[in-house]
Amino acid sequence: MRLVWAVACRSYELQDDRTADIEGAGVNRVWVNRMPEEVSLPLLLRLGFLENEPPTELRIELYGPEMSSFGELATSLEGEPGPGHRPGDEMPMIYPLELRFWANRVGNYSAEIYADGRHQDSVFFVVEAP
Amino acid sequence: MWHIFSLRGIFHTLRGRLMPEQPIVFDFTKKQVYRASEDPDGLTRALKEALAIRKRTRLTVGGTIPPKTTG
């Protein structure tokens, strides 16, 4: 499994042909009215799977200001052939994710994404308050 | 169309089916990973998700992202 891309966004709509209409791709600021506040950040991942690849781990580590750790969470994902799949083709899939956490400080946050045991991308965003 | 999609989303959720568009929630507060329909908070949130997801998934909990500006 490899991560093709990861993007934070305002909203998205998945289509039946395994594409996604994304609004606000690359958004990197989240506003909260008070602290602490629960934040929910949509994140779209496009992953490529090999045929017959067993379920593979996707792990995310979340860090807050000054590298304060929110911990790490993992799940197993597997691909499945889509319409028009030909033998030997990679199986691309878009997985919608949602990062939920209680922000207790303003500042820089990052989601470190590991797929198949390898660090593959970082998604940075800023939590701000009035 | 919105009503059709919403009803279908609720229907699928109540049947326990995992719609492919259901987000996988990495919940760092609960220290759990789950599908939106399996939220430990129960059916209320699952229904809310079903309503929100089919049309558009937006930030509905807590923090907000400022709307896009037109120029």
# chains A, B, ... in the order shown; residues from 1 in each chain; ligands from 1
call {"tool": "closest_atom_pairs", "arguments": {"of": "chain A", "to": "chain B", "cutoff": "7 Å", "atoms": "only C-alpha atoms", "output": "tab-separated table"}}
result
residue	atom	partner	partner_atom	distance
A:Arg10	CA	B:Arg58	CA	6.3
A:Ser11	CA	B:Thr57	CA	5.0
A:Tyr12	CA	B:Thr57	CA	5.8
A:Glu13	CA	B:Arg56	CA	5.5
A:Leu14	CA	B:Glu21	CA	6.3
A:Arg29	CA	B:Ile65	CA	6.2
A:Val30	CA	B:Ile65	CA	4.7
A:Trp31	CA	B:Thr64	CA	5.1
A:Val32	CA	B:Gly63	CA	4.5
A:Glu37	CA	B:Gly62	CA	5.9
A:Glu38	CA	B:Gly62	CA	4.7
A:Val39	CA	B:Gly63	CA	4.6
A:Ser40	CA	B:Val61	CA	6.0
A:Leu41	CA	B:Leu59	CA	6.8
A:Phe70	CA	B:Phe28	CA	6.4
A:Leu73	CA	B:Phe26	CA	6.7
A:Thr75	CA	B:Val33	CA	6.8
A:Pro96	CA	B:Pro23	CA	4.6
A:Leu97	CA	B:Ile24	CA	4.7
A:Glu98	CA	B:Val25	CA	4.7
A:Leu99	CA	B:Phe26	CA	5.0
A:Arg100	CA	B:Asp27	CA	4.7
A:Phe101	CA	B:Phe28	CA	5.1
A:Trp102	CA	B:Thr29	CA	6.5
call {"tool": "write_last_selection", "arguments": {"atoms": "C-alpha atoms", "output": "compact mmCIF listing (two decimals), in the first residue's frame"}}
result
# COMPACT_ATOMS: atom_id res chain seq x y z
CA ARG A 10 -13.48 21.91 3.91
CA SER A 11 -15.78 19.33 2.42
CA TYR A 12 -15.90 16.63 -0.19
CA GLU A 13 -18.28 14.47 -2.11
CA LEU A 14 -17.27 11.00 -3.18
CA ARG A 29 -6.51 26.80 9.44
CA VAL A 30 -9.12 25.74 11.96
CA TRP A 31 -10.84 28.32 14.13
CA VAL A 32 -12.21 27.55 17.53
CA GLU A 37 -12.60 22.74 21.82
CA GLU A 38 -13.22 19.57 19.86
CA VAL A 39 -11.86 19.81 16.34
CA SER A 40 -12.93 17.64 13.45
CA LEU A 41 -10.81 17.88 10.34
CA PHE A 70 -1.79 13.34 20.99
CA LEU A 73 -3.88 5.48 16.04
CA THR A 75 -6.23 0.69 11.36
CA PRO A 96 -12.21 9.76 3.66
CA LEU A 97 -10.83 10.25 7.13
CA GLU A 98 -11.76 12.51 9.96
CA LEU A 99 -9.30 13.61 12.60
CA ARG A 100 -10.99 14.34 15.90
CA PHE A 101 -9.27 15.73 18.91
CA TRP A 102 -9.63 18.29 21.63
call {"tool": "residues_around", "arguments": {"residues": "Tyr114 in chain A", "least_positions_apart": "4", "cutoff": "8 Å", "atoms": "only C-alpha atoms", "output": "list in words"}}
result
Leu58, Arg59, Ile60, Arg118, His119, Gln120 and Asp121 of chain A
call {"tool": "select_by_dssp", "arguments": {"residues": "range 39-114 of chain A", "states": "strand (DSSP E)", "output": "number ranges by chain"}}
result
A: 39-49, 56-63, 69-77, 91-103, 107-114
call {"tool": "residues_around", "arguments": {"residues": "range 103-112 of chain A", "least_positions_apart": "4", "cutoff": "7 Å", "atoms": "only C-alpha atoms", "output": "MDAnalysis selection string"}}
result
chainID A and resid 35:39 60:65 121:129
call {"tool": "residues_around", "arguments": {"residues": "Leu77 in chain A", "least_positions_apart": "2", "cutoff": "10 Å", "atoms": "only C-alpha atoms", "output": "list in words"}}
result
Met1, Leu47, Phe49, Pro54, Pro55, Thr56, Glu57, Leu58, Ala74, Thr75, Gly79, Tyr95, Ala115 and Asp116 of chain A
call {"tool": "atom_distance", "arguments": {"atom1": "CA of Arg34 in chain A", "atom2": "CA of Pro130 in chain A"}}
result
8.3 Å
call {"tool": "atom_distance", "arguments": {"atom1": "CA of Pro83 in chain A", "atom2": "CA of Leu44 in chain A"}}
result
20.7 Å
call {"tool": "atom_distance", "arguments": {"atom1": "CA of Arg2 in chain A", "atom2": "CA of Ile94 in chain A"}}
result
11.9 Å
